[in-house]
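Read through the structure below, which is laid out as structure tokens, and then see the notes.
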Amino acid sequence: MIKNNVLSLVYQILLSLLFFLLIWFTKDDKTLLRFLFGTFAGKALIGLLVLALYQVFGRLLSTRGIWDLFTSSLALILLGGLCLVLAYSGLDQQIFTMEPAQSLRNLPYTLITMPYITILKMCHVPLDLATAILGVFFGPILFSISQGLYLIRRKKRRENQPGLGKI
């Protein structure tokens, strides 16, 4: 469980870094920026990239049973919640309009949930309190789905190969 939590944190940081670099290097190229974030094909490509990366990294987590699906991202949920509380505490009773990297208090939350915020911004969904709370659970849910699919495939493979499952 501790190994999976550390790995899920590392993988989430890598995913966020990849999306930060994608945004950083495409911000000056108007054609690429319009394709990636303005067209349906670009949005579908980004969505598939998010799902593919979570699928690859989720399979690398150690999954032995159903319990691992729920416990392997607890540290990621706690870190995301802490970053959300930090971001929310800096708003001083204002309307919750937390734009990414609007202030230094919002920056940790933005960086830890970069794939989620990228998808929200592509779909023109405002980042309010409800969507910000969902951002804390976005990565862990996708990691759990990936682990669950891998666990189902592994069980089917064991059932189809005689002698492996019954020792």
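Within each chain, counting starts at residue 1; across the structure tokens, chains are named A, B, ... in the order shown, with ligands numbered 1 upward in that order.
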
At a cut-off of 6 Å, can you tabulate as a tab-separated table every residue of segment 113-152 of chain A near segment 67-91 of chain A together with its closest atom pair and the distance in Å to one decimal, using only C-alpha atoms and ordering rows by chain then number?
residue	atom	partner	partner_atom	distance
A:Val136	CA	A:Gly80	CA	5.0
A:Pro140	CA	A:Ser73	CA	5.3
A:Ser144	CA	A:Leu69	CA	5.0

Output all heavy atoms for every residue in that selection, as a PDB file, in the first residue's frame.
ATOM      1  N   VAL A 136      -9.734  16.643  -7.033  1.00  0.00           N
ATOM      2  CA  VAL A 136      -8.955  15.885  -6.056  1.00  0.00           C
ATOM      3  C   VAL A 136      -9.107  14.382  -6.325  1.00  0.00           C
ATOM      4  O   VAL A 136      -8.167  13.612  -6.140  1.00  0.00           O
ATOM      5  CB  VAL A 136      -9.406  16.240  -4.624  1.00  0.00           C
ATOM      6  CG1 VAL A 136      -8.772  15.326  -3.603  1.00  0.00           C
ATOM      7  CG2 VAL A 136      -9.088  17.690  -4.314  1.00  0.00           C
ATOM      8  N   PRO A 140      -6.980   9.685  -8.738  1.00  0.00           N
ATOM      9  CA  PRO A 140      -7.177   8.408  -8.051  1.00  0.00           C
ATOM     10  C   PRO A 140      -8.246   7.518  -8.682  1.00  0.00           C
ATOM     11  O   PRO A 140      -8.087   6.304  -8.743  1.00  0.00           O
ATOM     12  CB  PRO A 140      -7.590   8.831  -6.632  1.00  0.00           C
ATOM     13  CG  PRO A 140      -6.950  10.145  -6.446  1.00  0.00           C
ATOM     14  CD  PRO A 140      -6.995  10.809  -7.786  1.00  0.00           C
ATOM     15  N   SER A 144      -7.541   3.871 -10.205  1.00  0.00           N
ATOM     16  CA  SER A 144      -8.299   2.711  -9.731  1.00  0.00           C
ATOM     17  C   SER A 144      -8.976   1.973 -10.875  1.00  0.00           C
ATOM     18  O   SER A 144      -8.995   0.736 -10.901  1.00  0.00           O
ATOM     19  CB  SER A 144      -9.349   3.144  -8.707  1.00  0.00           C
ATOM     20  OG  SER A 144      -8.717   3.630  -7.557  1.00  0.00           O
TER      21      SER A 144
END

Original post:
Using the chain letters and numbers from this document, which residues of chain A does DSSP assign to alpha helix (DSSP H), as a VMD selection string?
Top reply: chain A and resid 2 to 26 30 to 38 40 to 59 66 to 71 74 to 89 107 to 112 114 to 122 129 to 160

Original post:
Of the candidates A:Met122, A:Ile112, A:Phe25, A:Leu149, which one gets nearest to Phe137 of chain A if we count only C-alpha atoms?
Top reply: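 The answer is A:Ile112, which sits nearest to Phe137 of chain A.
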
Subject >> Long-range neighbours of segment 62-66 of chain A as a list in words, 9 Å cut-off, only C-alpha atoms, 2 positions minimum in chain >> reply: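 My reading of the contact set: Met1, Lys3, Asn4, Gly58, Arg59, Leu60, Asp68, Leu69, Phe70, Ser72, Gln147, Gly148, Tyr150 and Leu151 of chain A.
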
Keeping all heavy atoms, export the residues of the selection given above as a compact mmCIF listing (two decimals), in the first residue's frame.
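As written to disk, result-v5.txt reads:
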# COMPACT_ATOMS: atom_id res chain seq x y z
N MET A 1 0.81 -1.19 0.00
CA MET A 1 0.00 0.00 0.00
C MET A 1 0.86 1.26 0.00
O MET A 1 0.58 2.19 -0.75
CB MET A 1 -0.92 -0.01 1.21
CG MET A 1 -1.81 1.20 1.30
SD MET A 1 -3.01 1.10 2.61
CE MET A 1 -2.36 2.28 3.74
N LYS A 3 3.95 1.53 -1.04
CA LYS A 3 4.63 1.59 -2.34
C LYS A 3 3.69 2.14 -3.41
O LYS A 3 4.09 2.99 -4.21
CB LYS A 3 5.11 0.19 -2.72
CG LYS A 3 5.75 0.10 -4.07
CD LYS A 3 6.12 -1.33 -4.37
CE LYS A 3 6.42 -1.53 -5.83
NZ LYS A 3 6.63 -2.92 -6.18
N ASN A 4 2.44 1.67 -3.44
CA ASN A 4 1.48 2.16 -4.42
C ASN A 4 1.16 3.64 -4.22
O ASN A 4 1.00 4.38 -5.19
CB ASN A 4 0.18 1.35 -4.35
CG ASN A 4 0.27 0.07 -5.12
OD1 ASN A 4 1.23 -0.19 -5.83
ND2 ASN A 4 -0.74 -0.76 -4.98
N GLY A 58 -1.25 3.35 -14.31
CA GLY A 58 -2.06 2.56 -13.39
C GLY A 58 -1.72 1.08 -13.42
O GLY A 58 -1.78 0.39 -12.40
N ARG A 59 -1.32 0.59 -14.59
CA ARG A 59 -0.92 -0.82 -14.70
C ARG A 59 0.40 -1.09 -13.98
O ARG A 59 0.69 -2.22 -13.61
CB ARG A 59 -0.78 -1.23 -16.16
CG ARG A 59 -2.11 -1.43 -16.83
CD ARG A 59 -1.94 -2.03 -18.15
NE ARG A 59 -1.42 -3.39 -17.99
CZ ARG A 59 -1.15 -4.18 -18.99
NH1 ARG A 59 -1.31 -3.77 -20.21
NH2 ARG A 59 -0.68 -5.39 -18.78
N LEU A 60 1.22 -0.05 -13.82
CA LEU A 60 2.51 -0.23 -13.16
C LEU A 60 2.39 -0.32 -11.65
O LEU A 60 3.33 -0.72 -10.97
CB LEU A 60 3.45 0.93 -13.53
CG LEU A 60 3.84 1.02 -15.00
CD1 LEU A 60 4.68 2.26 -15.24
CD2 LEU A 60 4.56 -0.22 -15.46
N ASP A 68 -6.45 -3.12 -3.05
CA ASP A 68 -5.44 -2.24 -3.64
C ASP A 68 -6.06 -1.17 -4.53
O ASP A 68 -5.47 -0.11 -4.71
CB ASP A 68 -4.43 -3.06 -4.46
CG ASP A 68 -3.51 -3.89 -3.59
OD1 ASP A 68 -3.29 -3.49 -2.43
OD2 ASP A 68 -3.03 -4.92 -4.06
N LEU A 69 -7.22 -1.46 -5.10
CA LEU A 69 -7.87 -0.47 -5.96
C LEU A 69 -8.26 0.77 -5.17
O LEU A 69 -8.24 1.88 -5.70
CB LEU A 69 -9.14 -1.06 -6.60
CG LEU A 69 -8.96 -2.27 -7.50
CD1 LEU A 69 -10.32 -2.71 -8.04
CD2 LEU A 69 -8.01 -1.98 -8.63
N PHE A 70 -8.62 0.59 -3.90
CA PHE A 70 -9.09 1.70 -3.09
C PHE A 70 -7.98 2.38 -2.28
O PHE A 70 -8.09 3.55 -1.96
CB PHE A 70 -10.20 1.24 -2.15
CG PHE A 70 -11.39 0.71 -2.89
CD1 PHE A 70 -11.67 -0.64 -2.87
CD2 PHE A 70 -12.21 1.55 -3.60
CE1 PHE A 70 -12.76 -1.14 -3.56
CE2 PHE A 70 -13.31 1.07 -4.30
CZ PHE A 70 -13.58 -0.29 -4.27
N SER A 72 -4.55 2.47 -3.06
CA SER A 72 -3.30 2.84 -3.72
C SER A 72 -3.17 4.32 -4.03
O SER A 72 -2.10 4.76 -4.43
CB SER A 72 -3.11 2.03 -5.01
OG SER A 72 -4.14 2.34 -5.91
N GLN A 147 -6.26 0.01 -12.64
CA GLN A 147 -5.89 -1.17 -11.87
C GLN A 147 -6.98 -2.23 -11.93
O GLN A 147 -6.68 -3.41 -12.01
CB GLN A 147 -5.64 -0.79 -10.41
CG GLN A 147 -4.37 -0.06 -10.16
CD GLN A 147 -4.26 0.28 -8.69
OE1 GLN A 147 -4.99 1.11 -8.18
NE2 GLN A 147 -3.33 -0.38 -8.03
N GLY A 148 -8.23 -1.81 -11.87
CA GLY A 148 -9.35 -2.75 -11.93
C GLY A 148 -9.39 -3.49 -13.26
O GLY A 148 -9.61 -4.71 -13.29
N TYR A 150 -6.86 -4.03 -15.23
CA TYR A 150 -5.72 -4.93 -15.24
C TYR A 150 -5.99 -6.17 -14.39
O TYR A 150 -5.66 -7.29 -14.79
CB TYR A 150 -4.48 -4.19 -14.73
CG TYR A 150 -3.25 -5.06 -14.65
CD1 TYR A 150 -2.66 -5.58 -15.80
CD2 TYR A 150 -2.69 -5.38 -13.43
CE1 TYR A 150 -1.55 -6.39 -15.72
CE2 TYR A 150 -1.58 -6.18 -13.34
CZ TYR A 150 -1.01 -6.67 -14.49
OH TYR A 150 0.09 -7.48 -14.40
N LEU A 151 -6.63 -5.99 -13.24
CA LEU A 151 -6.95 -7.11 -12.36
C LEU A 151 -7.94 -8.06 -13.03
O LEU A 151 -7.79 -9.29 -12.95
CB LEU A 151 -7.52 -6.58 -11.04
CG LEU A 151 -7.65 -7.56 -9.89
CD1 LEU A 151 -6.29 -8.09 -9.47
CD2 LEU A 151 -8.32 -6.86 -8.72

Subject >> d(atom CA of Ala130 of chain A, atom CA of Gln12 of chain A) in Å >> reply: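 Atom-to-atom, atom CA of Ala130 of chain A to atom CA of Gln12 of chain A, that is 21.0 Å.
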
**OP:** Could you tell me which of A:Thr131, A:Met114, A:Arg153, A:Leu120 comes closest to Leu18 of chain A if we count only C-alpha atoms?
**Re:**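 Among the listed residues, the smallest separation from Leu18 of chain A belongs to A:Met114.
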
Original post:
Quick one: of A:Cys123, A:Leu61, A:Leu51, A:Ile13, who's nearest to Phe37 of chain A, counting only C-alpha atoms?
Top reply: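 Ranked by minimum distance to Phe37 of chain A, first place goes to A:Cys123.
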
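The space between atom CA of Arg157 of chain A and atom CA of Phe57 of chain A spans 20.7 Å.
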
Gly135 of chain A surroundings by only C-alpha atoms, 8 Å radius, close-in-sequence under 5 positions cut, as a tab-separated table (two decimals) with C-alpha atoms, in the first residue's frame:
chain	number	residue	atom	x	y	z
A	80	GLY	CA	-4.92	17.06	-3.43
A	113	THR	CA	-4.38	18.45	-10.98
A	116	TYR	CA	-7.96	17.60	-14.95
A	117	ILE	CA	-7.70	21.39	-15.25

Subject >> Contacts of Phe19 of chain A within 7 Å, only C-alpha atoms, excl. fewer than 3 positions in-chain, as a list in words >> reply: Leu15, Ser16, Leu22, Ile23, Met114 and Pro115 of chain A

Original post:
Skipping near chain neighbours, those fewer than 6 positions away, what residues fall within 9 Å of Ile46 of chain A using only C-alpha atoms, listed as number ranges by chain?
Top reply: A: 36-37, 118-119

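For Tyr54 of chain A, the set of protein, DNA and RNA residues having any atom at most 8 Å away, when counting only C-alpha atoms and skipping those fewer than 6 positions along the same chain, is Gly139, Leu142, Phe143 and Ser146 of chain A.
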
**OP:** Calculate how many Å separate atom CA of Ile2 of chain A from atom CA of Gln55 of chain A, rounding to one decimal.
**Re:** 20.1 Å
